[in-house]
Amino acid sequence: MRRAALRSPSRRLGVAAAILIVSAAPLAAQPPPVAASDLLAPTEARAAKAFAVLDRHCARCHDARRLQRRLPAAGISNILDLDALARRRDLVRPGHPDGSPLSVSMVTRHMPYDVLRDLKPGAEPTVQEIADVRAWIEALPAASACAPGSRAHRDQRGLIEADLQQLDSTTAERRRYLSLAQVALPCDGPDALETYRQAAAKLLNLMSRAKAPVRLEPLADEPLLLGFDLADVGWSKADWHWLESLAAGSLTLSGVPGEASGRVIGAGWLADRAMDQGVYARLTGLPASLRDLDTAFGIAPDARSARHDYRVDESEVTGAARTISRTLTPDRLPVWTARDHAGGPLLETRVIFALPNGLPGFALYNRDGTPRTSVHASAVSPEVAQAGATTAGLGCLSCHGGGLAGFETPAGPGSVAPAGWQVQRDNTAFQFAMRETGIPPQLAIDGLEPVVALAERYRRDLGLEQAAAELRLSAASLTGALLAIDGNLQPAARRLLQDLVTRDEFNALRARIAAAGVEPAAATPPPPTPPRETTELRLSLWTQKPGYAQGDAVTLHASASAPCRLTLISVDASGDAVVIFPSDFQDDNRIEPANTLAVPAAGDGFRLRIEEPGRESVIGICMAGDRVAPPGIVHDFELQPFTLLGDWREHIARALAADAAERQKAGKPVRRTRLRRTRGRRIKPLPARSTKLPLPQDWAMITIAAWPEPGAASASSADEATAAPVSRESAPATKP
């Protein structure tokens with residue numbers, strides 16, 4: 001007897017951390033790509049084939065060792081590390097390629113981005129190469145229960161209060177904590193946790209107002225909690241209370257009675273918010289305007305005349321002409337400014353300077369000298385935009401984790417001497433200050449600068465195990481709480497059981513769970529953080545029950561964040577696929593936002609019933625716009641009420657061929673010819689596509705579990721992912 005684990009993956013290949021280049025110069029050139037022979041390729045046959053595909057088509061944009069661009073795209077910088085890749089539920093769902101965004105992005109022809117979306121010359125993955133990646137994912141074992149049992153149930157409030165009791169009253173009053181629960185994965189070991197601690201220490205030091213380095217102290221019995229003294233950062237209680245108010249829906253401990261109340265903030269959340277210029281400026285004490293910045297540095301207006309100026313004809317960040325200046329403060333500390341111009345008028349000013357502890361600080365100002373929080377993607381180069389580099393604050397670290405970036409000045413009459421030696425000298429000072437904090441200057445996480453990686457990890461979609469660990473609940477307790485949620489949060493709650501939810505969705509769910517009294521140590525639930533506005537298409541697919549007995553009727557539910565047309569495909573254990581929606585009983589497959597679709601709906605004239613114990617997947621594909629079906633699927637309800645697709649793997653190959661044929665004819669005039677007939681059926685022409693760009697769509701997948709008899713579900717493991725064949729039978733009622 002087996003129990004269902006309702007999960008459904010489908011998420012786009014991650015759109016990454018938002019980061020802005022606040023540079024004193026264009027981006028530094030990357031080292032030449034590493035030869036494939038120098039990388040640690042796997043020896044297992046399926047993994048080796050997948051590695052070869054990712055190396056050929058993806059590594060140039062998504063692996064720091066093979067980059068052929070200046071920034072990794074979408075926050076993915078270690079795609080050739082297959083072990084790390086397999087642990088990322090936002091990219092790979094072991095055993096289920098149709099629920100893995102990595103595979104889905106290839107099947108839907110959204111990746112590789114440069115070839116299929118930027119339409120640059122290059123080869124796209126072949127049908128066999130896509131099959132190789134799918135085979136590797138399908139063969140991956142499910143994640144083992146490697147998470148320490150104490151991680152989800154540790155009484156952090158008690159640990160904090162015990163830690164405070166060891167301190168004198170003055171020190172205890174200033175004691176605060178950062179939590180790594182939002183960024184640590186269930187299977188992370190001691191080495192990974194130490195790397196996160198170093199990243200959190202770098203985060204605090206980059207926002208410190210103090211001259212001495214900030215030291216973080218992990219609690220002896222809780223490696224996910226790091227203590228520090230507010231005075232060591234130069235922050236006041238008012239600063240912390242302000243932070244706490246911003247973190248209302250994202251605190252690790254919030255509304256907690258006792259001494260632990262209001263003392264803990266998530267390190268991932270803080271890294272994410274520090275990408276905002278306003279938050280960063282408040283914590284570092286950054287002046288409100290460029291003029292005030294000069295005053296704070298003690299730079300007199302006439303001192304600017306003694307600065308060193310360098311001219312760059314075309315910035316590699318914005319494409320505009322740029323003037324780069326270096327000025328010394330009275331304390332002989334360098335201040336670098338980069339002023340971008342468009343045909344003369346000033347566009348913006350970017351600044352890199354030294355904090356009191358010697359680490360680099362960053363600022364971005366509008367043409368009038370007021371703070372600027374972000375830059376529109378159209379105002380930066382495509383590579384910068386694809387990296388998500390559109391905010392200020394600590395987002396600058398994506399390119400300036402080590403300080404300044406080199407740049408070239410034009411040669412010829414009137415040119416100035418290269419600034420390379422000054423850049424190198426100032427970077428040496430930044431790196432020396434970093435060593436003083438005890439943090440390796442070359443520290444990286446997943447190939448990314450560590451603070452950027454913390455923010456990116458916080459923003460990733462998260463699944464049931466990660467959510468339970470962060471809430472310090474067991475998976476069973478969280479499952480019960482999610483099943484009790486209804487209303488507008490029900491789709492997100494069901495998707496968390498079956499798949500992944502966004503961080504904003506999880507924060508909203510967390511507030512609802514706390515209000516129900518399920519989340520431990522939360523007396524008064526905080527208001528949820530307002531979600532980021534998005535127009536992305538997101539499909540949710542779920543069933544009302546976690547499992548079914550043989551003979552039970554099943555109703556599928558779906559909702560979408562944007563208008564789209566839904567196709568539901570049932571794939572049984574043998575790989576046989578059939579479209580169960582739309583059908584002859586339900587032929588209108590359009591979904592509107594905020595509406596929930598039921599399949600079958602009352603009065604539809606058919607039922608979906610558990611036929612026998614086994615394994616069955618339901619794949620949802622929602623196509624944006626008016627397109628009725630995905631490539632390769634043509635309905636003929638006069639011939640059969642449900643469209644049969646045959647072997648699912650073979651259908652994927654046919655769908656890829658159909659998509660290629662459509663793209664080949666995209667933009668060409670459609671010849672109006674009489675429809676041919678084959679065995680009495682009319683053959684429809686290919687759908688007209690105006691461009692070769694990928695079709696906008698989203699996928700979701702769930703598995704459905706069934707047991708031979710009622711009640712068997714309660715005796716099985718909550719982590720087992722099984723499913724059952726679903727029969728499609730006509731009900732006595734006639735079709736409306």
# chains A, B, ... in the order shown; residues from 1 in each chain; ligands from 1
>>> residues_around(residues="stretch 280-287 of chain A", least_positions_apart="4", cutoff="8 Å", atoms="only C-alpha atoms", output="PyMOL selection string")
chain A and resi 207-209+235+239+273-276+292-293+296+393-394
>>> write_last_selection(atoms="N, CA and C atoms", output="mmCIF file, in the first residue's frame")
data_model
loop_
_atom_site.group_PDB
_atom_site.id
_atom_site.type_symbol
_atom_site.label_atom_id
_atom_site.label_comp_id
_atom_site.auth_asym_id
_atom_site.auth_seq_id
_atom_site.Cartn_x
_atom_site.Cartn_y
_atom_site.Cartn_z
ATOM 1 N N MET A 207 27.311 46.326 4.989
ATOM 2 C CA MET A 207 26.348 47.351 5.400
ATOM 3 C C MET A 207 26.707 47.950 6.757
ATOM 4 N N SER A 208 27.926 47.713 7.201
ATOM 5 C CA SER A 208 28.329 48.178 8.528
ATOM 6 C C SER A 208 28.765 49.641 8.497
ATOM 7 N N ARG A 209 28.452 50.353 9.580
ATOM 8 C CA ARG A 209 28.934 51.722 9.756
ATOM 9 C C ARG A 209 30.165 51.773 10.647
ATOM 10 N N TRP A 235 24.576 49.857 14.084
ATOM 11 C CA TRP A 235 23.140 50.067 13.947
ATOM 12 C C TRP A 235 22.523 50.385 15.301
ATOM 13 N N ASP A 239 17.082 51.323 13.982
ATOM 14 C CA ASP A 239 17.387 50.699 12.692
ATOM 15 C C ASP A 239 16.843 49.276 12.648
ATOM 16 N N ARG A 273 16.583 42.214 0.366
ATOM 17 C CA ARG A 273 16.152 43.584 0.561
ATOM 18 C C ARG A 273 17.303 44.572 0.426
ATOM 19 N N ALA A 274 18.530 44.127 0.707
ATOM 20 C CA ALA A 274 19.685 45.023 0.581
ATOM 21 C C ALA A 274 19.991 45.350 -0.873
ATOM 22 N N MET A 275 19.364 44.630 -1.823
ATOM 23 C CA MET A 275 19.478 45.001 -3.218
ATOM 24 C C MET A 275 18.682 46.274 -3.517
ATOM 25 N N ASP A 276 17.821 46.679 -2.601
ATOM 26 C CA ASP A 276 17.040 47.900 -2.732
ATOM 27 C C ASP A 276 17.872 49.075 -2.226
ATOM 28 N N ASP A 292 25.181 65.614 -1.001
ATOM 29 C CA ASP A 292 25.397 65.271 0.398
ATOM 30 C C ASP A 292 26.495 64.219 0.542
ATOM 31 N N LEU A 293 26.633 63.366 -0.471
ATOM 32 C CA LEU A 293 27.690 62.359 -0.422
ATOM 33 C C LEU A 293 29.058 63.027 -0.441
ATOM 34 N N ALA A 296 29.665 64.495 2.941
ATOM 35 C CA ALA A 296 30.000 63.475 3.932
ATOM 36 C C ALA A 296 31.445 63.003 3.786
ATOM 37 N N GLY A 393 21.789 49.236 -4.735
ATOM 38 C CA GLY A 393 22.199 48.662 -3.460
ATOM 39 C C GLY A 393 23.256 47.596 -3.644
ATOM 40 N N LEU A 394 23.137 46.499 -2.897
ATOM 41 C CA LEU A 394 24.134 45.436 -2.970
ATOM 42 C C LEU A 394 24.001 44.591 -4.228
#
>>> select_by_dssp(residues="stretch 123-245 of chain A", states="strand (DSSP E or B)", output="PyMOL selection string")
chain A and resi 175-179+217-219+222-229
>>> atom_distance(atom1="atom CA of A:Ile130", atom2="atom CA of A:Leu80")
15.8 Å
>>> closest_residue(among="A:Gly551, A:Gly401, A:Pro94, A:Gly99", to="A:Lys202", atoms="only C-alpha atoms")
A:Gly401
>>> atom_distance(atom1="atom CA of A:Tyr548", atom2="atom CA of A:Ala705")
6.2 Å
>>> closest_residue(among="A:Leu54, A:Leu40, A:Leu566, A:Ala231", to="A:Arg176", atoms="only C-alpha atoms")
A:Ala231
>>> closest_residue(among="A:Lys692, A:Asp163, A:Gly369, A:Arg89", to="A:Ala142", atoms="only C-alpha atoms")
A:Arg89
>>> residues_around(residues="stretch 350-363 of chain A", least_positions_apart="2", cutoff="6 Å", atoms="only C-alpha atoms", output="PyMOL selection string")
chain A and resi 22+211-212+335-338+430+433
>>> write_last_selection(atoms="all heavy atoms", output="PDB file, in the first residue's frame")
ATOM      1  N   VAL A  22      26.423  48.698 -10.498  1.00  0.00           N
ATOM      2  CA  VAL A  22      26.758  50.050 -10.094  1.00  0.00           C
ATOM      3  C   VAL A  22      28.261  50.120 -10.206  1.00  0.00           C
ATOM      4  O   VAL A  22      28.975  49.722  -9.318  1.00  0.00           O
ATOM      5  CB  VAL A  22      26.312  50.330  -8.655  1.00  0.00           C
ATOM      6  CG1 VAL A  22      26.703  51.723  -8.243  1.00  0.00           C
ATOM      7  CG2 VAL A  22      24.824  50.149  -8.539  1.00  0.00           C
ATOM      8  N   LYS A 211      34.102  50.720  12.018  1.00  0.00           N
ATOM      9  CA  LYS A 211      35.424  50.534  11.415  1.00  0.00           C
ATOM     10  C   LYS A 211      35.942  49.116  11.591  1.00  0.00           C
ATOM     11  O   LYS A 211      36.672  48.605  10.738  1.00  0.00           O
ATOM     12  CB  LYS A 211      36.412  51.537  12.019  1.00  0.00           C
ATOM     13  CG  LYS A 211      36.145  52.986  11.631  1.00  0.00           C
ATOM     14  CD  LYS A 211      37.237  53.905  12.159  1.00  0.00           C
ATOM     15  CE  LYS A 211      36.998  55.344  11.699  1.00  0.00           C
ATOM     16  NZ  LYS A 211      38.058  56.265  12.176  1.00  0.00           N
ATOM     17  N   ALA A 212      35.594  48.479  12.702  1.00  0.00           N
ATOM     18  CA  ALA A 212      36.081  47.123  12.973  1.00  0.00           C
ATOM     19  C   ALA A 212      35.184  46.099  12.287  1.00  0.00           C
ATOM     20  O   ALA A 212      33.982  46.344  12.090  1.00  0.00           O
ATOM     21  CB  ALA A 212      36.128  46.877  14.475  1.00  0.00           C
ATOM     22  N   VAL A 335      37.204  57.691  -4.072  1.00  0.00           N
ATOM     23  CA  VAL A 335      35.793  57.732  -4.445  1.00  0.00           C
ATOM     24  C   VAL A 335      35.748  57.730  -5.967  1.00  0.00           C
ATOM     25  O   VAL A 335      36.236  58.660  -6.617  1.00  0.00           O
ATOM     26  CB  VAL A 335      35.084  58.981  -3.892  1.00  0.00           C
ATOM     27  CG1 VAL A 335      33.631  59.007  -4.353  1.00  0.00           C
ATOM     28  CG2 VAL A 335      35.166  59.015  -2.373  1.00  0.00           C
ATOM     29  N   TRP A 336      35.175  56.682  -6.538  1.00  0.00           N
ATOM     30  CA  TRP A 336      35.067  56.551  -7.991  1.00  0.00           C
ATOM     31  C   TRP A 336      33.633  56.880  -8.418  1.00  0.00           C
ATOM     32  O   TRP A 336      32.673  56.396  -7.826  1.00  0.00           O
ATOM     33  CB  TRP A 336      35.394  55.129  -8.436  1.00  0.00           C
ATOM     34  CG  TRP A 336      36.847  54.765  -8.353  1.00  0.00           C
ATOM     35  CD1 TRP A 336      37.532  54.363  -7.249  1.00  0.00           C
ATOM     36  CD2 TRP A 336      37.785  54.754  -9.425  1.00  0.00           C
ATOM     37  NE1 TRP A 336      38.841  54.091  -7.564  1.00  0.00           N
ATOM     38  CE2 TRP A 336      39.025  54.331  -8.897  1.00  0.00           C
ATOM     39  CE3 TRP A 336      37.709  55.065 -10.787  1.00  0.00           C
ATOM     40  CZ2 TRP A 336      40.168  54.206  -9.676  1.00  0.00           C
ATOM     41  CZ3 TRP A 336      38.847  54.937 -11.563  1.00  0.00           C
ATOM     42  CH2 TRP A 336      40.064  54.515 -11.010  1.00  0.00           C
ATOM     43  N   THR A 337      33.490  57.700  -9.425  1.00  0.00           N
ATOM     44  CA  THR A 337      32.173  58.009  -9.985  1.00  0.00           C
ATOM     45  C   THR A 337      32.180  57.731 -11.478  1.00  0.00           C
ATOM     46  O   THR A 337      33.184  57.940 -12.162  1.00  0.00           O
ATOM     47  CB  THR A 337      31.785  59.487  -9.750  1.00  0.00           C
ATOM     48  OG1 THR A 337      32.759  60.336 -10.366  1.00  0.00           O
ATOM     49  CG2 THR A 337      31.692  59.800  -8.268  1.00  0.00           C
ATOM     50  N   ALA A 338      31.058  57.251 -11.973  1.00  0.00           N
ATOM     51  CA  ALA A 338      30.880  57.013 -13.416  1.00  0.00           C
ATOM     52  C   ALA A 338      29.630  57.752 -13.849  1.00  0.00           C
ATOM     53  O   ALA A 338      28.526  57.448 -13.385  1.00  0.00           O
ATOM     54  CB  ALA A 338      30.755  55.523 -13.707  1.00  0.00           C
ATOM     55  N   PHE A 430      40.577  46.955  -1.041  1.00  0.00           N
ATOM     56  CA  PHE A 430      39.289  46.323  -0.743  1.00  0.00           C
ATOM     57  C   PHE A 430      39.484  44.861  -0.317  1.00  0.00           C
ATOM     58  O   PHE A 430      38.861  44.387   0.634  1.00  0.00           O
ATOM     59  CB  PHE A 430      38.380  46.372  -1.976  1.00  0.00           C
ATOM     60  CG  PHE A 430      37.846  47.745  -2.292  1.00  0.00           C
ATOM     61  CD1 PHE A 430      37.669  48.149  -3.609  1.00  0.00           C
ATOM     62  CD2 PHE A 430      37.498  48.633  -1.287  1.00  0.00           C
ATOM     63  CE1 PHE A 430      37.163  49.405  -3.909  1.00  0.00           C
ATOM     64  CE2 PHE A 430      36.991  49.895  -1.579  1.00  0.00           C
ATOM     65  CZ  PHE A 430      36.831  50.285  -2.892  1.00  0.00           C
ATOM     66  N   ALA A 433      40.851  44.558   3.177  1.00  0.00           N
ATOM     67  CA  ALA A 433      39.802  44.769   4.172  1.00  0.00           C
ATOM     68  C   ALA A 433      38.918  43.530   4.300  1.00  0.00           C
ATOM     69  O   ALA A 433      38.478  43.185   5.403  1.00  0.00           O
ATOM     70  CB  ALA A 433      38.966  45.989   3.785  1.00  0.00           C
TER      71      ALA A 433
END
>>> closest_residue(among="A:Asp114, A:His635, A:Gln424, A:Leu230", to="A:Asn205", atoms="only C-alpha atoms")
A:Leu230
>>> select_by_dssp(residues="stretch 104-169 of chain A", states="helix (DSSP H, G or I)", output="PyMOL selection string")
chain A and resi 104-107+113-116+127-139+149-153+156-165+169
>>> residues_around(residues="stretch 458-463 of chain A", least_positions_apart="6", cutoff="9 Å", atoms="only C-alpha atoms", output="list in words")
Arg7, Arg11, Gly14, Ala16, Ala17, Arg89, Asp90, Gln182, Val183, Ala267, Gly268, Trp269, Ala271, Asp272, Arg495, Leu496, Leu497, Gln498, Asp499, Leu500, Val501, Thr502, Arg503, Asp504 and Phe506 of chain A
>>> residues_around(residues="A:Ala653", least_positions_apart="4", cutoff="8 Å", atoms="only C-alpha atoms", output="list in words")
Val127, Arg649 and Ala657 of chain A
>>> residues_around(residues="stretch 100-111 of chain A", least_positions_apart="6", cutoff="10 Å", atoms="only C-alpha atoms", output="number ranges by chain")
A: 8-14, 57-58, 85, 88-94, 117, 124-127, 129-135, 137-138, 630-631, 652-653, 655-656, 659-660, 693-701
>>> atom_distance(atom1="atom CA of A:Arg367", atom2="atom CA of A:Ser398")
23.7 Å
